[in-house]
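Pasting structure37.cif here (mmCIF, C-alpha atoms):
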```
data_final
loop_
_atom_site.label_atom_id
_atom_site.label_comp_id
_atom_site.auth_asym_id
_atom_site.auth_seq_id
_atom_site.Cartn_x
_atom_site.Cartn_y
_atom_site.Cartn_z
CA GLN A 1 69.59 -103.95 193.66
CA VAL A 2 69.81 -103.06 189.99
CA GLN A 3 69.05 -99.43 189.28
CA LEU A 4 69.15 -97.34 186.13
CA VAL A 5 69.02 -93.59 186.62
CA GLN A 6 68.50 -91.38 183.60
CA SER A 7 69.26 -87.73 183.04
CA GLY A 8 66.58 -85.09 183.33
CA ALA A 9 64.02 -83.74 180.91
CA GLU A 10 65.20 -81.75 177.90
CA VAL A 11 63.62 -79.16 175.63
CA LYS A 12 65.23 -78.81 172.24
CA LYS A 13 64.60 -76.89 169.04
CA PRO A 14 64.13 -78.67 165.71
CA GLY A 15 67.46 -79.54 164.18
CA ALA A 16 69.27 -79.73 167.50
CA SER A 17 70.75 -82.79 169.21
CA VAL A 18 70.06 -84.38 172.55
CA LYS A 19 72.20 -86.71 174.63
CA VAL A 20 70.45 -88.80 177.28
CA SER A 21 72.46 -90.64 179.92
CA CYS A 22 71.64 -93.79 181.85
CA ARG A 23 73.76 -94.62 184.90
CA ALA A 24 73.66 -98.21 186.07
CA SER A 25 74.32 -99.62 189.50
CA GLY A 26 73.81 -102.87 191.37
CA TYR A 27 75.28 -105.18 188.77
CA THR A 28 78.38 -105.67 186.62
CA PHE A 29 77.76 -103.11 183.91
CA THR A 30 79.93 -104.75 181.26
CA ARG A 31 78.23 -108.09 181.57
CA TYR A 32 75.29 -107.41 179.23
CA GLY A 33 73.83 -104.75 177.00
CA ILE A 34 71.66 -101.69 177.24
CA SER A 35 68.78 -100.98 174.91
CA TRP A 36 66.99 -97.72 174.24
CA VAL A 37 63.23 -97.57 173.76
CA ARG A 38 61.09 -94.51 173.22
CA GLN A 39 57.43 -93.73 173.69
CA ALA A 40 55.72 -90.79 172.03
CA PRO A 41 52.85 -89.20 173.96
CA GLY A 42 49.91 -91.60 174.09
CA GLN A 43 51.68 -94.08 171.84
CA GLY A 44 53.31 -97.48 172.17
CA LEU A 45 56.88 -98.57 172.72
CA GLU A 46 59.44 -98.20 169.93
CA TRP A 47 62.80 -99.98 169.99
CA MET A 48 65.65 -97.68 168.95
CA GLY A 49 68.70 -99.84 169.33
CA TRP A 50 71.12 -101.74 171.54
CA ILE A 51 74.69 -101.44 172.69
CA SER A 52 76.89 -104.06 174.26
CA ALA A 53 78.39 -102.69 177.44
CA TYR A 54 81.08 -105.34 177.08
CA ASN A 55 82.60 -104.32 173.74
CA GLY A 56 80.57 -101.37 172.44
CA ASN A 57 78.95 -103.25 169.56
CA THR A 58 75.72 -101.64 168.47
CA ASN A 59 72.58 -102.52 166.55
CA TYR A 60 70.29 -99.68 165.56
CA ALA A 61 66.77 -99.68 164.18
CA GLN A 62 66.95 -98.68 160.55
CA LYS A 63 64.64 -95.75 161.24
CA PHE A 64 67.29 -94.13 163.46
CA GLN A 65 70.43 -95.43 161.77
CA ASP A 66 71.50 -92.02 160.38
CA ARG A 67 70.72 -89.97 163.46
CA VAL A 68 71.52 -91.99 166.57
CA THR A 69 74.73 -92.92 168.34
CA MET A 70 74.80 -95.13 171.42
CA THR A 71 77.90 -95.25 173.59
CA THR A 72 78.97 -96.41 177.01
CA ASP A 73 81.48 -95.25 179.58
CA THR A 74 82.49 -98.32 181.55
CA SER A 75 84.44 -96.24 184.08
CA THR A 76 81.17 -94.71 185.28
CA SER A 77 78.79 -97.53 184.27
CA THR A 78 76.88 -95.08 182.12
CA ALA A 79 75.22 -95.52 178.75
CA TYR A 80 74.44 -92.62 176.42
CA MET A 81 72.02 -92.13 173.56
CA ASP A 82 72.70 -89.24 171.23
CA LEU A 83 69.93 -88.30 168.77
CA ARG A 84 70.65 -85.65 166.12
CA SER A 85 68.59 -83.54 163.74
CA LEU A 86 65.63 -83.55 166.07
CA ARG A 87 62.12 -83.13 164.71
CA SER A 88 58.85 -82.46 166.47
CA ASP A 89 57.90 -86.12 166.13
CA ASP A 90 60.94 -87.06 168.22
CA THR A 91 59.07 -85.68 171.23
CA ALA A 92 58.84 -88.70 173.49
CA VAL A 93 59.92 -90.33 176.71
CA TYR A 94 63.19 -92.14 176.15
CA TYR A 95 63.95 -95.20 178.27
CA CYS A 96 67.10 -97.22 178.76
CA ALA A 97 66.71 -100.86 179.68
CA ALA A 98 69.20 -103.38 181.00
CA GLU A 99 69.07 -106.85 179.57
CA ASP A 100 69.57 -110.18 181.27
CA SER A 101 71.62 -113.05 179.88
CA ALA A 102 68.87 -113.89 177.38
CA GLY A 103 68.33 -110.30 176.32
CA TYR A 104 65.09 -109.59 178.15
CA TYR A 105 64.69 -106.13 179.67
CA TYR A 106 64.57 -106.92 183.35
CA ASP A 107 65.18 -103.37 184.54
CA TRP A 108 64.34 -99.98 183.10
CA GLY A 109 65.35 -96.41 183.77
CA GLN A 110 62.72 -93.93 184.90
CA GLY A 111 62.50 -92.35 181.47
CA THR A 112 63.62 -88.98 180.10
CA LEU A 113 61.12 -86.67 178.44
CA VAL A 114 62.56 -84.97 175.38
CA THR A 115 60.41 -82.21 173.96
CA VAL A 116 61.21 -80.84 170.51
CA SER A 117 59.55 -77.52 169.87
CA SER A 118 60.36 -74.26 168.18
CA ILE B 119 59.06 -109.25 162.49
CA GLN B 120 55.85 -107.29 163.03
CA LEU B 121 53.74 -108.01 166.09
CA THR B 122 50.00 -107.42 166.12
CA GLN B 123 48.25 -107.38 169.45
CA SER B 124 44.55 -107.89 169.90
CA PRO B 125 42.45 -106.45 171.18
CA SER B 126 43.93 -102.95 171.31
CA SER B 127 41.80 -102.30 174.37
CA LEU B 128 39.34 -104.13 176.55
CA SER B 129 37.08 -103.44 179.47
CA ALA B 130 36.86 -106.05 182.18
CA SER B 131 35.75 -106.46 185.76
CA VAL B 132 37.73 -107.54 188.78
CA GLY B 133 37.79 -111.33 188.82
CA ASP B 134 37.43 -111.72 185.06
CA ARG B 135 39.70 -113.93 182.99
CA VAL B 136 41.50 -111.87 180.36
CA THR B 137 43.39 -113.09 177.32
CA ILE B 138 45.57 -110.93 175.08
CA THR B 139 46.92 -112.23 171.79
CA CYS B 140 50.14 -111.32 170.03
CA ARG B 141 50.54 -112.47 166.43
CA ALA B 142 53.87 -112.40 164.64
CA SER B 143 54.23 -111.69 160.93
CA GLN B 144 56.46 -114.74 160.59
CA GLY B 145 57.17 -117.83 162.56
CA MET B 146 59.54 -117.35 165.39
CA SER B 147 61.01 -119.15 168.35
CA ILE B 148 59.86 -118.55 171.89
CA TYR B 149 61.91 -115.39 172.28
CA LEU B 150 58.89 -113.37 173.26
CA ALA B 151 58.33 -111.17 176.29
CA TRP B 152 55.31 -109.56 177.88
CA TYR B 153 55.52 -106.22 179.71
CA GLN B 154 53.05 -104.33 181.85
CA GLN B 155 53.07 -100.55 181.84
CA LYS B 156 51.12 -98.25 184.13
CA PRO B 157 50.62 -94.55 183.36
CA GLY B 158 53.74 -92.49 183.86
CA LYS B 159 55.85 -95.53 184.68
CA ALA B 160 58.43 -97.61 182.87
CA PRO B 161 57.37 -101.02 181.56
CA LYS B 162 57.82 -104.02 183.81
CA LEU B 163 58.86 -107.45 182.55
CA LEU B 164 56.20 -110.04 183.38
CA ILE B 165 57.04 -113.02 181.19
CA SER B 166 60.08 -114.06 179.18
CA ALA B 167 60.60 -116.90 176.73
CA ALA B 168 56.88 -116.85 175.99
CA SER B 169 55.89 -118.58 179.23
CA THR B 170 58.48 -118.02 182.00
CA LEU B 171 57.01 -115.97 184.81
CA GLN B 172 59.43 -113.46 186.28
CA SER B 173 60.24 -113.57 189.97
CA GLY B 174 57.69 -111.67 192.00
CA VAL B 175 55.01 -111.66 189.30
CA PRO B 176 51.72 -113.10 190.56
CA SER B 177 50.83 -116.57 189.34
CA ARG B 178 47.54 -115.31 187.88
CA PHE B 179 49.65 -114.17 184.93
CA SER B 180 50.62 -116.81 182.39
CA GLY B 181 51.97 -116.89 178.88
CA SER B 182 51.84 -119.46 176.14
CA GLY B 183 52.30 -119.92 172.44
CA SER B 184 54.82 -120.57 169.72
CA GLY B 185 55.26 -120.00 166.02
CA THR B 186 53.18 -116.98 165.16
CA GLU B 187 50.64 -116.82 167.97
CA PHE B 188 51.27 -116.04 171.61
CA THR B 189 48.92 -115.25 174.47
CA LEU B 190 49.05 -113.55 177.83
CA THR B 191 46.35 -114.64 180.23
CA ILE B 192 45.33 -113.08 183.52
CA SER B 193 43.27 -115.71 185.27
CA SER B 194 41.47 -113.43 187.72
CA LEU B 195 41.88 -109.73 187.08
CA GLN B 196 42.84 -107.66 190.11
CA PRO B 197 42.56 -103.88 190.56
CA GLU B 198 46.32 -103.45 190.23
CA ASP B 199 46.30 -105.20 186.83
CA PHE B 200 44.61 -102.34 185.02
CA ALA B 201 47.40 -101.21 182.73
CA THR B 202 48.69 -101.48 179.18
CA TYR B 203 50.38 -104.70 178.12
CA TYR B 204 52.96 -105.07 175.37
CA CYS B 205 54.53 -108.08 173.72
CA GLN B 206 58.09 -107.89 172.36
CA GLN B 207 59.98 -110.24 170.10
CA LEU B 208 63.67 -110.87 170.63
CA ASN B 209 63.92 -113.45 167.86
CA SER B 210 65.69 -111.17 165.39
CA TYR B 211 66.79 -107.57 164.87
CA PRO B 212 65.24 -105.12 164.74
CA LEU B 213 63.53 -106.00 167.99
CA THR B 214 59.90 -104.97 167.89
CA PHE B 215 56.97 -104.40 170.20
CA GLY B 216 53.31 -105.02 169.67
CA GLY B 217 51.02 -102.02 169.61
CA GLY B 218 49.80 -102.60 173.15
CA THR B 219 46.56 -103.66 174.82
CA LYS B 220 44.98 -101.32 177.32
CA VAL B 221 43.05 -103.11 180.04
CA GLU B 222 40.43 -100.84 181.56
CA ILE B 223 37.90 -101.18 184.34
CA LYS B 224 34.38 -102.02 183.26
#
```
Produce structure tokens that represent the structure in this file.
Amino acid sequence: QVQLVQSGAEVKKPGASVKVSCRASGYTFTRYGISWVRQAPGQGLEWMGWISAYNGNTNYAQKFQDRVTMTTDTSTSTAYMDLRSLRSDDTAVYYCAAEDSAGYYYDWGQGTLVTVSS
Amino acid sequence: IQLTQSPSSLSASVGDRVTITCRASQGMSIYLAWYQQKPGKAPKLLISAASTLQSGVPSRFSGSGSGTEFTLTISSLQPEDFATYYCQQLNSYPLTFGGGTKVEIK
């Protein structure tokens, strides 16, 4: 079955960068895209952006445009989300989500907690 | 497109009929999804294309709507349905989520 496994929790200092991975299995990775969504403690879901696993095209939320890079490694069926210049309000659980042919998020990773603290 | 969910929270009893509304800031097609999220877990896709129930999702869940107003209805609330529900629009970038509706036990 489809499974997305994310990397483990991270603690970072303000100004640092974090790279979260999302390894996919159970389907043809290059067929559709991967989106990244984050959730601050006690808050709602926030869409960060999308990458096509087929050709690497990306679409980022304007809020993150300057600080985020999403990539994929098709040889390992892994997606990555790199967030730079971290601030305390970047503390959140970061999720990857696999989309179906219509773009709906039919499967999600388990989430990666990123804590930004001095 | 901004999505406004109402109510932001509600208290209900097992067996109650529950309706959650998601209003879009501009008219859109039916590219709307509903997700259920339980504490400490990733969201789960319940409904796509405004009204298409995902495989394995109980039939007590239903979705409807078009234009700027969409609804998620739970016809008879069950104990396992206490969770937070989010709508999401996939009509245009940037994709956006509603603020969520927390369904609590009365």
Can you check which residues of chain B have any atom within 12 Å of chain A? Use all atoms listed in the file and format it as a PyMOL selection string.
chain B and resi 120-121+123+126+148-155+157-168+170-173+202-220
Can you list, as JSON, numbers by chain, every protein, DNA or RNA residue that comes within 9 Å of Gly185 (chain B) when you count only C-alpha atoms, leaving out same-chain residues fewer than 4 positions away?
{"B": [141, 142, 144, 145, 146, 147, 148]}
Apply the PyMOL selection byres ((chain A and resi 68-78) around 7) to the file shown and report the selected residues as a list in words.
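So the PyMOL selection byres ((chain A and resi 68-78) around 7), applied here, picks out Ser21, Cys22, Arg23, Ala24, Phe29, Thr30, Ile51, Ala53, Gly56, Phe64, Gln65, Asp66, Arg67, Ala79, Tyr80, Met81, Asp82, Leu83 and Arg84 of chain A.
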Can you pull out the residues contacting Thr189 (chain B)? Cut-off 8 Å, using only C-alpha atoms, and skip same-chain residues under 5 positions away; I want them as a PDB file with C-alpha atoms, keeping the file's coordinate frame.
```pdb
ATOM      1  CA  THR B 137      43.390-113.090 177.320  1.00  0.00           C
ATOM      2  CA  ILE B 138      45.570-110.930 175.080  1.00  0.00           C
ATOM      3  CA  THR B 139      46.920-112.230 171.790  1.00  0.00           C
ATOM      4  CA  CYS B 140      50.140-111.320 170.030  1.00  0.00           C
ATOM      5  CA  GLY B 181      51.970-116.890 178.880  1.00  0.00           C
ATOM      6  CA  SER B 182      51.840-119.460 176.140  1.00  0.00           C
ATOM      7  CA  GLY B 183      52.300-119.920 172.440  1.00  0.00           C
TER       8      GLY B 183
END
```
Evaluated on this file, the PyMOL selection byres ((chain A and resi 114) around 10) picks out some residues - which ones are they, written as JSON, numbers by chain?
{"A": [8, 9, 10, 11, 12, 18, 19, 20, 38, 40, 86, 88, 90, 91, 92, 93, 94, 111, 112, 113, 115, 116, 117]}
Give the answer as one residue: which of A:Ser118, A:Gln6, A:Gln39, A:Gln1 has the shortest atom-to-atom distance to Gly26 (chain A), using all atoms listed in the file?
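For Gly26 (chain A), the nearest of the candidates is A:Gln1.
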Here is a test: counting all atoms listed in the file, which residue of B:Ser129, B:Ser143, B:Thr122, B:Glu222 is nearest to Phe200 (chain B)?
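So, comparing all the options, the nearest one is B:Glu222.
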Please report the interatomic distance between CA of Ile34 (chain A) and CA of Ser7 (chain A) in Å with one decimal.
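Those two atoms sit 15.3 Å apart.
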Would you pick out the contacts of Asp134 (chain B) at 8 Å or less, using all atoms listed in the file, so that residues sharing its chain but fewer than 5 positions from it are not included, and give the list as a ChimeraX atom specification?
/B:193-195
Spell out the residues picked by the PyMOL selection byres ((chain B and resi 179) around 7) here, as a PyMOL selection string.
chain B and resi 176-178+180+191-193
Restricting the calculation to only C-alpha atoms: of A:Val2, A:Tyr54, A:Ala16, A:Ser85, which residue gets closest to Ala98 (chain A)?
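Counting only C-alpha atoms, the residue closest to Ala98 (chain A) is A:Val2.
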Please, what distance in Å, to one decimal, runs between CA of Val132 (chain B) and CA of Pro197 (chain B)?
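Computing the Euclidean distance for CA of Val132 (chain B) and CA of Pro197 (chain B) yields 6.3 Å.
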Generate the missing atoms of region 205-217 of chain B up to N, CA and C atoms and report them as a PDB file, in the coordinates of the input.
```
ATOM      1  N   CYS B 205      53.657-106.957 174.021  1.00  0.00           N
ATOM      2  CA  CYS B 205      54.530-108.080 173.720  1.00  0.00           C
ATOM      3  C   CYS B 205      55.763-107.533 172.982  1.00  0.00           C
ATOM      4  N   GLN B 206      56.848-108.267 173.038  1.00  0.00           N
ATOM      5  CA  GLN B 206      58.090-107.890 172.360  1.00  0.00           C
ATOM      6  C   GLN B 206      58.762-109.152 171.855  1.00  0.00           C
ATOM      7  N   GLN B 207      59.241-109.095 170.610  1.00  0.00           N
ATOM      8  CA  GLN B 207      59.980-110.240 170.100  1.00  0.00           C
ATOM      9  C   GLN B 207      61.474-109.956 170.139  1.00  0.00           C
ATOM     10  N   LEU B 208      62.220-110.948 170.586  1.00  0.00           N
ATOM     11  CA  LEU B 208      63.670-110.870 170.630  1.00  0.00           C
ATOM     12  C   LEU B 208      64.267-111.946 169.722  1.00  0.00           C
ATOM     13  N   ASN B 209      63.477-112.392 168.764  1.00  0.00           N
ATOM     14  CA  ASN B 209      63.920-113.450 167.860  1.00  0.00           C
ATOM     15  C   ASN B 209      64.964-112.943 166.869  1.00  0.00           C
ATOM     16  N   SER B 210      64.761-111.706 166.379  1.00  0.00           N
ATOM     17  CA  SER B 210      65.690-111.170 165.390  1.00  0.00           C
ATOM     18  C   SER B 210      65.642-109.645 165.417  1.00  0.00           C
ATOM     19  N   TYR B 211      66.745-109.034 164.984  1.00  0.00           N
ATOM     20  CA  TYR B 211      66.790-107.570 164.870  1.00  0.00           C
ATOM     21  C   TYR B 211      66.100-107.137 163.579  1.00  0.00           C
ATOM     22  N   PRO B 212      65.423-105.986 163.581  1.00  0.00           N
ATOM     23  CA  PRO B 212      65.240-105.120 164.740  1.00  0.00           C
ATOM     24  C   PRO B 212      64.219-105.680 165.709  1.00  0.00           C
ATOM     25  N   LEU B 213      64.499-105.566 166.989  1.00  0.00           N
ATOM     26  CA  LEU B 213      63.530-106.000 167.990  1.00  0.00           C
ATOM     27  C   LEU B 213      62.285-105.116 167.840  1.00  0.00           C
ATOM     28  N   THR B 214      61.140-105.710 168.082  1.00  0.00           N
ATOM     29  CA  THR B 214      59.900-104.970 167.890  1.00  0.00           C
ATOM     30  C   THR B 214      58.920-105.255 169.022  1.00  0.00           C
ATOM     31  N   PHE B 215      58.036-104.292 169.219  1.00  0.00           N
ATOM     32  CA  PHE B 215      56.970-104.400 170.200  1.00  0.00           C
ATOM     33  C   PHE B 215      55.630-104.475 169.488  1.00  0.00           C
ATOM     34  N   GLY B 216      54.679-105.122 170.122  1.00  0.00           N
ATOM     35  CA  GLY B 216      53.310-105.020 169.670  1.00  0.00           C
ATOM     36  C   GLY B 216      52.766-103.640 169.993  1.00  0.00           C
ATOM     37  N   GLY B 217      51.600-103.330 169.455  1.00  0.00           N
ATOM     38  CA  GLY B 217      51.020-102.020 169.610  1.00  0.00           C
ATOM     39  C   GLY B 217      50.423-101.749 170.990  1.00  0.00           C
TER      40      GLY B 217
END
```
